[in-house]
file coords.cif (mmCIF, C-alpha atoms)
data_start
loop_
_atom_site.label_atom_id
_atom_site.label_comp_id
_atom_site.auth_asym_id
_atom_site.auth_seq_id
_atom_site.Cartn_x
_atom_site.Cartn_y
_atom_site.Cartn_z
CA MET A 1 -47.53 29.18 22.45
CA ARG A 2 -46.29 30.15 19.00
CA LYS A 3 -42.76 29.27 18.01
CA ARG A 4 -40.68 31.33 15.61
CA ILE A 5 -37.45 30.19 14.02
CA ILE A 6 -34.52 32.44 13.20
CA GLU A 7 -32.00 30.75 10.92
CA LEU A 8 -28.38 31.49 11.75
CA ASN A 9 -25.14 31.43 9.86
CA ALA A 10 -23.18 31.15 13.08
CA ASP A 11 -20.11 29.56 11.45
CA ARG A 12 -18.98 33.06 10.50
CA TYR A 13 -18.46 33.81 14.20
CA VAL A 14 -16.11 30.83 14.65
CA THR A 15 -12.51 31.99 14.54
CA PRO A 16 -9.73 29.40 14.64
CA ARG A 17 -6.99 30.23 17.11
CA LYS A 18 -3.43 29.06 17.52
CA GLU A 19 -2.62 27.26 20.76
CA GLN A 20 0.49 25.75 22.20
CA ALA A 21 1.11 22.69 24.39
CA ASP A 22 4.58 21.41 25.36
CA GLY A 23 6.16 23.59 22.70
CA VAL A 24 3.88 22.28 19.94
CA GLU A 25 1.69 24.76 18.09
CA PHE A 26 -1.63 23.76 16.55
CA TRP A 27 -4.97 25.27 15.52
CA VAL A 28 -8.24 24.72 17.38
CA SER A 29 -11.77 26.07 17.01
CA LEU A 30 -15.23 25.42 18.44
CA SER A 31 -16.72 21.96 17.99
CA PRO A 32 -19.54 21.85 15.38
CA TYR A 33 -21.83 20.84 18.26
CA GLN A 34 -21.14 24.13 20.05
CA VAL A 35 -22.28 26.28 17.12
CA PRO A 36 -26.06 26.84 16.99
CA ASP A 37 -27.97 26.18 13.74
CA GLN A 38 -30.93 28.37 14.60
CA LEU A 39 -32.78 30.23 17.34
CA SER A 40 -36.32 29.22 18.21
CA CYS A 41 -38.25 31.89 20.07
CA ALA A 42 -41.47 31.20 21.96
CA TYR A 43 -43.66 33.17 24.35
CA ASP A 44 -45.57 31.34 27.07
CA LYS A 45 -48.60 33.40 28.13
CA ASP A 46 -49.22 31.38 31.30
CA SER A 47 -45.78 31.93 32.79
CA GLY A 48 -45.22 35.27 31.08
CA CYS A 49 -41.83 34.01 29.91
CA PHE A 50 -40.23 34.51 26.54
CA ALA A 51 -37.71 31.77 25.71
CA ILE A 52 -34.87 32.07 23.21
CA ASN A 53 -33.68 28.53 22.49
CA PHE A 54 -30.36 27.78 20.81
CA GLU A 55 -30.75 24.75 18.51
CA TYR A 56 -27.62 22.59 18.02
CA GLY A 57 -26.75 19.40 16.15
CA ASP A 58 -27.44 17.33 19.27
CA SER A 59 -30.10 17.33 22.00
CA GLU A 60 -28.08 17.61 25.18
CA GLY A 61 -30.08 17.83 28.40
CA GLY A 62 -29.97 21.12 30.27
CA GLU A 63 -30.04 22.56 33.77
CA GLU A 64 -31.46 25.94 34.67
CA ILE A 65 -29.31 28.61 36.24
CA LYS A 66 -31.40 31.29 37.92
CA GLY A 67 -29.62 34.61 37.78
CA ASP A 68 -32.47 36.72 39.13
CA ASP A 69 -36.27 36.60 38.96
CA LEU A 70 -36.33 38.20 35.55
CA ILE A 71 -33.76 36.33 33.48
CA SER A 72 -32.67 32.70 33.74
CA LEU A 73 -30.34 30.63 31.58
CA VAL A 74 -30.38 26.93 30.69
CA VAL A 75 -26.96 25.36 30.04
CA GLY A 76 -25.95 21.89 28.87
CA LYS A 77 -25.43 19.35 31.66
CA LEU A 78 -22.29 17.90 30.07
CA THR A 79 -20.70 20.64 27.99
CA GLY A 80 -22.14 23.71 29.75
CA LYS A 81 -23.07 25.32 26.42
CA LEU A 82 -25.90 27.86 26.38
CA LEU A 83 -29.18 26.14 25.47
CA SER A 84 -31.81 28.70 26.36
CA VAL A 85 -32.45 32.19 27.71
CA LYS A 86 -35.75 32.81 29.53
CA ILE A 87 -36.95 36.37 30.02
CA ARG A 88 -39.93 37.52 32.10
CA VAL A 89 -41.44 39.67 29.37
CA ASP A 90 -44.45 40.63 31.49
CA HIS A 91 -42.17 42.50 33.82
CA PHE A 92 -40.17 44.35 31.18
CA GLY A 93 -42.86 44.99 28.59
CA VAL A 94 -42.67 44.01 24.95
CA ASN A 95 -41.13 47.28 23.75
CA ALA A 96 -38.13 47.00 26.02
CA ILE A 97 -37.16 43.49 24.97
CA ARG A 98 -34.45 44.54 22.54
CA LEU A 99 -32.77 46.65 25.19
CA VAL A 100 -33.08 43.79 27.70
CA ILE A 101 -31.37 41.37 25.31
CA GLU A 102 -28.56 43.81 24.54
CA GLN A 103 -27.89 44.67 28.16
CA GLN A 104 -29.29 42.43 30.91
CA VAL A 105 -29.20 39.12 29.02
CA LEU A 106 -25.59 39.70 27.96
CA GLU A 107 -24.70 40.54 31.56
CA ALA A 108 -26.37 37.34 32.77
CA ILE A 109 -24.37 35.30 30.22
CA GLU A 110 -21.14 37.02 31.30
CA ARG A 111 -21.86 36.07 34.93
CA VAL A 112 -22.33 32.39 34.03
CA ARG A 113 -19.31 32.43 31.73
CA GLY A 114 -16.96 32.77 34.67
CA SER A 115 -18.17 29.56 36.29
CA HIS A 116 -18.32 27.52 33.04
CA ALA A 117 -14.82 28.01 31.65
CA LYS A 118 -14.97 25.04 29.27
CA ALA A 119 -17.94 26.57 27.41
CA SER A 120 -16.54 30.11 27.47
CA GLU A 121 -16.14 30.25 23.69
CA ASN A 122 -19.72 29.10 23.20
CA TYR A 123 -20.99 31.91 25.45
CA GLN A 124 -18.97 34.44 23.49
CA LEU A 125 -20.54 33.17 20.27
CA ALA A 126 -24.02 33.23 21.86
CA GLU A 127 -23.52 36.85 22.88
CA GLN A 128 -22.60 37.79 19.31
CA VAL A 129 -25.61 35.90 17.95
CA LEU A 130 -27.97 37.64 20.38
CA THR A 131 -26.52 41.09 19.72
CA ASP A 132 -26.78 40.69 15.95
CA ASN A 133 -30.30 39.26 16.10
CA ALA A 134 -31.79 41.35 18.91
CA SER A 135 -34.14 43.25 16.61
CA ARG A 136 -35.37 40.05 14.91
CA ILE A 137 -36.00 38.47 18.32
CA ALA A 138 -37.87 41.59 19.46
CA GLU A 139 -40.10 41.27 16.37
CA CYS A 140 -40.99 37.72 17.47
CA VAL A 141 -42.20 39.04 20.83
CA ALA A 142 -44.19 41.86 19.26
CA ASN A 143 -45.94 39.44 16.89
CA MET B 1 -8.31 -31.28 40.34
CA ALA B 2 -5.87 -28.41 39.72
CA PHE B 3 -5.92 -29.18 36.02
CA GLY B 4 -9.74 -28.97 36.00
CA VAL B 5 -9.69 -25.59 37.75
CA ALA B 6 -7.06 -24.28 35.34
CA MET B 7 -9.09 -25.45 32.35
CA GLY B 8 -12.22 -23.84 33.79
CA LEU B 9 -10.45 -20.50 34.26
CA PHE B 10 -9.03 -20.72 30.76
CA ALA B 11 -12.53 -21.34 29.33
CA ILE B 12 -13.98 -18.35 31.21
CA THR B 13 -11.13 -16.09 30.08
CA LEU B 14 -11.49 -17.19 26.46
CA THR B 15 -15.26 -16.60 26.52
CA ALA B 16 -14.85 -13.14 28.00
CA TYR B 17 -12.17 -12.27 25.43
CA LEU B 18 -14.38 -13.37 22.56
CA PHE B 19 -17.32 -11.42 24.06
CA GLU B 20 -15.19 -8.25 24.04
CA LEU B 21 -14.29 -8.87 20.40
CA VAL B 22 -17.95 -9.34 19.38
CA PHE B 23 -19.11 -6.39 21.48
CA GLU B 24 -16.68 -4.07 19.73
CA GLY B 25 -18.01 -5.16 16.32
CA ARG B 26 -21.49 -3.70 16.79
CA PHE B 27 -20.76 -0.75 14.49
CA ASP B 28 -21.32 -2.86 11.36
CA ARG B 29 -25.05 -2.35 10.87
CA ARG B 30 -24.77 1.46 10.58
CA LYS B 31 -21.53 1.48 8.58
CA VAL B 32 -23.33 1.56 5.25
CA TYR B 33 -25.17 4.79 6.13
CA VAL B 34 -22.09 6.39 7.65
CA ASP B 35 -20.10 5.57 4.49
CA VAL B 36 -22.71 7.25 2.27
CA VAL B 37 -22.60 10.45 4.34
CA LEU B 38 -18.81 10.43 4.49
CA ARG B 39 -18.48 9.95 0.72
CA GLN B 40 -20.94 12.76 -0.02
CA LEU B 41 -20.02 15.36 2.58
CA GLY B 42 -16.58 14.32 3.84
CA PRO B 43 -14.54 15.57 0.83
CA LYS B 44 -16.14 19.04 1.09
CA LEU B 45 -13.96 19.82 4.10
CA TRP B 46 -10.69 19.57 2.16
CA ALA B 47 -9.09 22.97 1.54
CA VAL B 48 -7.46 21.58 -1.60
CA PRO B 49 -9.30 18.60 -3.08
CA PRO B 50 -6.75 15.75 -3.07
CA THR B 51 -6.25 13.73 -6.22
CA LYS B 52 -5.29 10.10 -6.58
CA SER B 53 -1.62 9.41 -7.06
CA ASP B 54 0.86 6.56 -7.05
CA THR B 55 3.03 8.19 -4.37
CA PRO B 56 3.27 5.94 -1.32
CA PRO B 57 1.72 5.17 1.03
CA HIS B 58 -1.53 7.08 0.34
CA ARG B 59 -2.66 10.59 -0.63
CA PHE B 60 -5.71 11.27 1.49
CA ARG B 61 -7.79 9.60 4.17
CA ILE B 62 -10.91 10.37 6.19
CA THR B 63 -11.16 7.97 9.12
CA LEU B 64 -13.95 7.60 11.65
CA PHE B 65 -12.79 6.46 15.10
CA GLN B 66 -15.17 5.29 17.82
CA GLU B 67 -14.39 5.44 21.53
CA VAL B 68 -14.44 2.03 23.16
CA LYS B 69 -14.00 1.44 26.86
CA ILE B 70 -10.78 -0.44 27.50
CA GLY B 71 -11.38 -4.14 28.04
CA ARG B 72 -9.98 -5.66 31.21
CA LEU B 73 -8.60 -8.67 29.42
CA ARG B 74 -7.42 -7.31 26.10
CA HIS B 75 -5.48 -4.34 27.51
CA PRO B 76 -4.70 -5.12 31.18
CA LEU B 77 -1.67 -2.78 31.29
CA ALA B 78 -3.22 0.12 29.34
CA ARG B 79 -6.11 0.27 31.81
CA LYS B 80 -3.79 1.81 34.36
CA SER B 81 -3.21 4.95 32.26
CA PHE B 82 -6.15 5.17 29.88
CA THR B 83 -9.93 4.88 30.08
CA HIS B 84 -10.82 4.39 26.41
CA LYS B 85 -9.30 3.59 23.05
CA LEU B 86 -10.22 5.10 19.69
CA VAL B 87 -10.88 2.27 17.25
CA PRO B 88 -11.10 2.91 13.47
CA ARG B 89 -14.55 1.97 12.16
CA THR B 90 -14.55 3.13 8.58
CA ARG B 91 -12.35 5.05 6.18
CA ILE B 92 -12.71 6.98 2.94
CA SER B 93 -9.38 6.81 1.14
CA ASP B 94 -7.66 6.38 -2.20
CA THR B 95 -6.32 3.01 -1.06
CA THR B 96 -8.10 -0.17 -0.09
CA LYS B 97 -5.87 -0.72 2.94
CA LYS B 98 -7.95 -1.16 6.08
CA PRO B 99 -7.31 1.20 9.01
CA THR B 100 -5.60 -0.47 11.94
CA SER B 101 -4.24 2.33 14.16
CA ILE B 102 -5.70 2.40 17.65
CA TRP B 103 -5.15 5.42 19.90
CA PHE B 104 -5.47 5.22 23.66
CA VAL B 105 -7.14 8.13 25.45
CA HIS B 106 -8.23 9.26 28.89
CA GLU B 107 -11.67 10.83 29.24
CA GLU B 108 -10.47 13.42 31.77
CA HIS B 109 -6.74 13.91 31.21
CA LEU B 110 -5.72 15.52 27.93
CA THR B 111 -2.06 14.68 28.49
CA LYS B 112 -2.98 11.00 28.32
CA CYS B 113 -4.63 11.26 24.91
CA GLU B 114 -2.50 9.73 22.15
CA GLY B 115 -2.20 11.05 18.62
CA VAL B 116 -4.13 13.79 16.87
CA ALA B 117 -7.26 11.66 17.18
CA GLY B 118 -6.73 11.68 20.94
CA GLN B 119 -6.26 15.45 21.00
CA ILE B 120 -9.55 16.00 19.13
CA TYR B 121 -11.26 13.62 21.58
CA GLY B 122 -9.71 15.16 24.68
CA ARG B 123 -10.24 18.78 23.67
CA ASN B 124 -13.64 18.23 22.07
CA GLN B 125 -12.77 20.86 19.48
CA ARG B 126 -11.90 21.11 15.81
CA PHE B 127 -8.14 20.55 15.57
CA VAL B 128 -5.44 20.97 12.89
CA THR B 129 -1.72 20.27 13.27
CA GLN B 130 1.10 22.28 11.81
CA PRO B 131 2.53 20.92 8.54
CA LEU B 132 4.38 17.71 9.44
CA PRO B 133 7.86 16.67 8.21
CA ASP B 134 8.21 14.54 5.08
CA LEU B 135 9.35 11.11 6.26
CA HIS B 136 9.55 9.66 2.75
CA ASP B 137 12.25 11.91 1.35
CA PRO B 138 14.83 9.57 -0.33
CA GLN B 139 17.61 12.13 0.13
CA ASP B 140 17.45 12.00 3.93
CA SER B 141 20.37 10.42 5.78
CA SER B 142 19.57 7.92 8.52
CA ALA B 143 20.40 10.51 11.20
CA GLY B 144 18.23 13.09 9.45
CA SER B 145 15.46 10.56 9.15
CA LEU B 146 15.61 9.80 12.88
CA ALA B 147 15.49 13.50 13.73
CA LYS B 148 12.53 13.99 11.41
CA SER B 149 10.70 11.05 13.02
CA ALA B 150 11.20 12.60 16.45
CA GLU B 151 9.95 15.98 15.21
CA TYR B 152 6.97 14.31 13.50
CA ALA B 153 6.09 12.41 16.68
CA LYS B 154 6.17 15.61 18.72
CA LEU B 155 3.94 17.54 16.32
CA ALA B 156 1.50 14.62 15.93
CA PHE B 157 1.35 13.75 19.68
CA SER B 158 2.72 10.28 19.03
CA THR B 159 5.98 8.44 19.75
CA ALA B 160 9.04 8.33 17.47
CA GLN B 161 8.99 4.53 17.69
CA ARG B 162 5.43 4.36 16.39
CA VAL B 163 6.10 6.94 13.69
CA ARG B 164 9.08 4.95 12.37
CA LYS B 165 7.29 1.61 12.61
CA GLN B 166 4.12 2.71 10.81
CA LYS B 167 5.99 4.93 8.30
CA PHE B 168 3.49 7.77 8.53
CA GLY B 169 3.10 9.65 5.25
CA SER B 170 0.60 12.33 6.23
CA ARG B 171 1.94 15.88 6.08
CA ILE B 172 -1.12 17.35 7.82
CA ILE B 173 -3.72 15.92 10.20
CA GLY B 174 -6.93 17.44 11.54
CA GLY B 175 -10.47 16.57 12.45
CA ILE B 176 -13.69 17.13 14.33
CA PRO B 177 -15.32 15.41 17.34
CA ILE B 178 -18.46 13.30 16.88
CA GLN B 179 -21.10 13.21 19.63
CA ARG B 180 -24.19 11.18 20.47
CA VAL B 181 -27.61 12.88 20.60
CA ASP B 182 -27.36 13.29 24.37
CA GLY B 183 -24.11 15.25 24.07
CA THR B 184 -21.76 12.46 25.19
CA ARG B 185 -18.67 11.73 23.12
CA TRP B 186 -18.93 9.01 20.46
CA GLY B 187 -15.62 9.40 18.64
CA VAL B 188 -13.70 11.55 16.18
CA LEU B 189 -13.48 12.08 12.42
CA VAL B 190 -9.85 12.46 11.34
CA TYR B 191 -8.59 13.94 8.05
CA ASP B 192 -5.03 13.37 6.91
CA CYS B 193 -3.23 13.96 3.65
CA VAL B 194 0.24 13.99 2.08
CA ASP B 195 -0.43 17.53 0.85
CA PRO B 196 0.24 19.89 3.78
CA GLN B 197 -2.18 22.43 2.28
CA ALA B 198 -5.09 19.96 2.11
CA ILE B 199 -6.56 20.85 5.52
CA THR B 200 -6.72 24.27 7.12
CA PRO B 201 -8.53 25.54 10.25
CA ASP B 202 -10.89 27.42 7.91
CA SER B 203 -11.70 24.36 5.80
CA LEU B 204 -12.77 22.44 8.93
CA GLY B 205 -14.91 25.47 9.84
CA LYS B 206 -17.04 25.25 6.70
CA PRO B 207 -20.83 24.92 7.23
CA GLU B 208 -20.58 21.38 5.82
CA ALA B 209 -18.66 20.35 8.95
CA LYS B 210 -21.70 21.10 11.09
CA LEU B 211 -24.01 19.30 8.69
CA LEU B 212 -21.69 16.29 8.57
CA ALA B 213 -21.41 16.10 12.37
CA SER B 214 -25.16 16.49 12.78
CA LEU B 215 -25.96 13.76 10.24
CA MET B 216 -23.50 11.36 11.86
CA THR B 217 -25.16 11.98 15.22
CA GLN B 218 -28.60 11.26 13.74
CA ILE B 219 -27.43 8.02 12.10
CA LEU B 220 -25.78 6.83 15.30
CA ALA B 221 -28.92 7.68 17.28
CA ARG B 222 -31.14 5.64 14.96
CA ALA B 223 -28.78 2.68 15.04
CA GLU B 224 -28.55 2.74 18.83
CA ALA B 225 -32.31 3.13 19.34
#

call {"tool": "encode", "arguments": {"input": "coords.cif", "output": "structure tokens"}}
result
Amino acid sequence: MRKRIIELNADRYVTPRKEQADGVEFWVSLSPYQVPDQLSCAYDKDSGCFAINFEYGDSEGGEEIKGDDLISLVVGKLTGKLLSVKIRVDHFGVNAIRLVIEQQVLEAIERVRGSHAKASENYQLAEQVLTDNASRIAECVAN
Amino acid sequence: MAFGVAMGLFAITLTAYLFELVFEGRFDRRKVYVDVVLRQLGPKLWAVPPTKSDTPPHRFRITLFQEVKIGRLRHPLARKSFTHKLVPRTRISDTTKKPTSIWFVHEEHLTKCEGVAGQIYGRNQRFVTQPLPDLHDPQDSSAGSLAKSAEYAKLAFSTAQRVRKQKFGSRIIGGIPIQRVDGTRWGVLVYDCVDPQAITPDSLGKPEAKLLASLMTQILARAEA
């Protein structure tokens, strides 16, 4: 299994927002631990799965959420942040991977987002990262 | 007989109290590494680099707080409302005064998290207050001063009594959470300054914030291994 790294500048996706509690206004934004440093992409020939792993500043343990037989997500046990996306490449074919990322993977993330409200902002960031890097990820599969 | 039992209980209580004190002091062996990282990377998160000045009580501070589970003996009353306290472990500042403020927090209830440090801990997000009132204005009347203290306490998630007692000088407070390698909360890094422009949401969003948090996590992991 060959691993490829895609460096990210994900801080540019982090937008501070104004919130209010008991009449007090303040600014909040995503924790540094919820912003990925890089993507590591790897294809496992035996399982036929292509994994897109989000690398963060910590190494939180994950749990797999099976959406369907073709795409599954791994989210953090404590924070719920998106750790990994696994795609059954053998089923889709290498050429379709970019389309799969831009459509089915984003849909799978949206589905999980509803049940993991506390990591909602992280999922939104992950979607932006995947959309912007879909072609680079597809190159990893092709190579 | 009764006297012997009383003395025995007293001895046990004293031993347990001292054990709690020693247990809380385990941060010392990694402090030197943490200080190096904070001195190098910490100041990069200021929006306006603060300069040293003679204006009281300080100009800028970067304080690292660690979460500590509340001891049964040291805080018997606080245990009813809070689960942890945030204890200052080290500080980068333009004064040599040691940090003493402790903030009580609850690991599940945000409303029970004291101070800005508590809000960062409870929300697990980067956090910046609004500009805070100037409590050291010599032209303020006593009534005006009291009103300002109440306003300050509200904006800084503290109490007016504590604000008046500790004579807070910070005009802005913000910070980032610090985690262990396994994703559990370790503490918070708090920035405060007398210049209300010194911290902004964007300055805490700089790439250095992620590097700083990541390095702190690595140091803590090595020390705890």

call {"tool": "atom_distance", "arguments": {"input": "coords.cif", "atom1": "atom CA of B:Phe65", "atom2": "atom CA of B:Arg30"}}
result
13.7 Å

call {"tool": "residues_around", "arguments": {"input": "coords.cif", "residues": "stretch 146-155 of chain B", "least_positions_apart": "3", "cutoff": "12 Å", "atoms": "all atoms listed in the file", "output": "PyMOL selection string"}}
result
(chain A and resi 20-27) or (chain B and resi 114-116+119+128-137+140-143+158-174)

call {"tool": "resolve_selection", "arguments": {"input": "coords.cif", "expression": "the PyMOL selection byres ((chain A) within 6 of (chain B))", "output": "PDB file with C-alpha atoms, keeping the file's coordinate frame"}}
result
ATOM      1  CA  PRO A  16      -9.730  29.400  14.640  1.00  0.00           C
ATOM      2  CA  VAL A  24       3.880  22.280  19.940  1.00  0.00           C
ATOM      3  CA  PHE A  26      -1.630  23.760  16.550  1.00  0.00           C
ATOM      4  CA  TRP A  27      -4.970  25.270  15.520  1.00  0.00           C
ATOM      5  CA  VAL A  28      -8.240  24.720  17.380  1.00  0.00           C
ATOM      6  CA  SER A  29     -11.770  26.070  17.010  1.00  0.00           C
ATOM      7  CA  LEU A  30     -15.230  25.420  18.440  1.00  0.00           C
ATOM      8  CA  SER A  31     -16.720  21.960  17.990  1.00  0.00           C
ATOM      9  CA  PRO A  32     -19.540  21.850  15.380  1.00  0.00           C
ATOM     10  CA  GLY A  57     -26.750  19.400  16.150  1.00  0.00           C
ATOM     11  CA  ASP A  58     -27.440  17.330  19.270  1.00  0.00           C
ATOM     12  CA  SER A  59     -30.100  17.330  22.000  1.00  0.00           C
ATOM     13  CA  GLU A  60     -28.080  17.610  25.180  1.00  0.00           C
TER      14      GLU A  60
END

call {"tool": "atom_distance", "arguments": {"input": "coords.cif", "atom1": "atom CA of B:Leu45", "atom2": "atom CA of A:Gly76"}}
result
27.6 Å

call {"tool": "atom_distance", "arguments": {"input": "coords.cif", "atom1": "atom CA of A:Glu127", "atom2": "atom CA of A:Lys81"}}
result
12.1 Å

call {"tool": "decode", "arguments": {"input": "coords.cif", "residues": "stretch 122-142 of chain A", "atoms": "N, CA, C and O atoms", "output": "JSON list (two decimals), in the first residue's frame"}}
result
[["chain", "number", "residue", "atom", "x", "y", "z"],
["A", 122, "ASN", "N", -16.46, 21.09, 11.81],
["A", 122, "ASN", "CA", -15.35, 20.29, 11.27],
["A", 122, "ASN", "C", -15.76, 19.59, 9.98],
["A", 122, "ASN", "O", -14.99, 19.52, 9.02],
["A", 123, "TYR", "N", -17.00, 19.09, 9.93],
["A", 123, "TYR", "CA", -17.48, 18.43, 8.72],
["A", 123, "TYR", "C", -17.58, 19.41, 7.56],
["A", 123, "TYR", "O", -17.26, 19.07, 6.42],
["A", 124, "GLN", "N", -18.02, 20.62, 7.89],
["A", 124, "GLN", "CA", -18.13, 21.66, 6.86],
["A", 124, "GLN", "C", -16.75, 21.95, 6.27],
["A", 124, "GLN", "O", -16.59, 22.06, 5.05],
["A", 125, "LEU", "N", -15.76, 22.04, 7.16],
["A", 125, "LEU", "CA", -14.39, 22.30, 6.71],
["A", 125, "LEU", "C", -13.87, 21.13, 5.87],
["A", 125, "LEU", "O", -13.24, 21.31, 4.82],
["A", 126, "ALA", "N", -14.18, 19.89, 6.33],
["A", 126, "ALA", "CA", -13.73, 18.70, 5.60],
["A", 126, "ALA", "C", -14.33, 18.66, 4.19],
["A", 126, "ALA", "O", -13.66, 18.28, 3.23],
["A", 127, "GLU", "N", -15.58, 19.07, 4.09],
["A", 127, "GLU", "CA", -16.23, 19.10, 2.77],
["A", 127, "GLU", "C", -15.52, 20.08, 1.84],
["A", 127, "GLU", "O", -15.28, 19.77, 0.67],
["A", 128, "GLN", "N", -15.16, 21.24, 2.38],
["A", 128, "GLN", "CA", -14.45, 22.23, 1.57],
["A", 128, "GLN", "C", -13.09, 21.72, 1.14],
["A", 128, "GLN", "O", -12.67, 21.88, -0.01],
["A", 129, "VAL", "N", -12.39, 21.06, 2.07],
["A", 129, "VAL", "CA", -11.07, 20.50, 1.78],
["A", 129, "VAL", "C", -11.17, 19.45, 0.67],
["A", 129, "VAL", "O", -10.37, 19.43, -0.27],
["A", 130, "LEU", "N", -12.17, 18.57, 0.78],
["A", 130, "LEU", "CA", -12.33, 17.51, -0.22],
["A", 130, "LEU", "C", -12.70, 18.08, -1.59],
["A", 130, "LEU", "O", -12.18, 17.65, -2.62],
["A", 131, "THR", "N", -13.60, 19.06, -1.59],
["A", 131, "THR", "CA", -14.01, 19.66, -2.86],
["A", 131, "THR", "C", -12.82, 20.31, -3.56],
["A", 131, "THR", "O", -12.60, 20.10, -4.76],
["A", 132, "ASP", "N", -12.04, 21.08, -2.79],
["A", 132, "ASP", "CA", -10.91, 21.80, -3.38],
["A", 132, "ASP", "C", -9.77, 20.87, -3.80],
["A", 132, "ASP", "O", -8.95, 21.25, -4.64],
["A", 133, "ASN", "N", -9.69, 19.70, -3.18],
["A", 133, "ASN", "CA", -8.56, 18.81, -3.47],
["A", 133, "ASN", "C", -8.98, 17.53, -4.19],
["A", 133, "ASN", "O", -8.18, 16.59, -4.28],
["A", 134, "ALA", "N", -10.20, 17.51, -4.72],
["A", 134, "ALA", "CA", -10.71, 16.29, -5.36],
["A", 134, "ALA", "C", -9.82, 15.82, -6.51],
["A", 134, "ALA", "O", -9.53, 14.62, -6.65],
["A", 135, "SER", "N", -9.35, 16.76, -7.31],
["A", 135, "SER", "CA", -8.52, 16.36, -8.46],
["A", 135, "SER", "C", -7.16, 15.82, -8.00],
["A", 135, "SER", "O", -6.64, 14.86, -8.59],
["A", 136, "ARG", "N", -6.60, 16.41, -6.94],
["A", 136, "ARG", "CA", -5.30, 15.92, -6.43],
["A", 136, "ARG", "C", -5.46, 14.53, -5.82],
["A", 136, "ARG", "O", -4.58, 13.68, -5.94],
["A", 137, "ILE", "N", -6.59, 14.31, -5.16],
["A", 137, "ILE", "CA", -6.86, 12.99, -4.57],
["A", 137, "ILE", "C", -7.03, 11.96, -5.69],
["A", 137, "ILE", "O", -6.49, 10.85, -5.62],
["A", 138, "ALA", "N", -7.74, 12.36, -6.74],
["A", 138, "ALA", "CA", -7.97, 11.44, -7.87],
["A", 138, "ALA", "C", -6.64, 11.05, -8.53],
["A", 138, "ALA", "O", -6.46, 9.90, -8.95],
["A", 139, "GLU", "N", -5.69, 11.99, -8.56],
["A", 139, "GLU", "CA", -4.36, 11.69, -9.11],
["A", 139, "GLU", "C", -3.67, 10.61, -8.27],
["A", 139, "GLU", "O", -2.96, 9.76, -8.81],
["A", 140, "CYS", "N", -3.88, 10.66, -6.95],
["A", 140, "CYS", "CA", -3.27, 9.66, -6.06],
["A", 140, "CYS", "C", -3.78, 8.27, -6.41],
["A", 140, "CYS", "O", -3.02, 7.30, -6.40],
["A", 141, "VAL", "N", -5.06, 8.16, -6.71],
["A", 141, "VAL", "CA", -5.65, 6.85, -7.04],
["A", 141, "VAL", "C", -5.09, 6.37, -8.38],
["A", 141, "VAL", "O", -4.71, 5.20, -8.53],
["A", 142, "ALA", "N", -5.02, 7.27, -9.33],
["A", 142, "ALA", "CA", -4.57, 6.90, -10.67],
["A", 142, "ALA", "C", -3.12, 6.42, -10.66],
["A", 142, "ALA", "O", -2.74, 5.52, -11.42]]
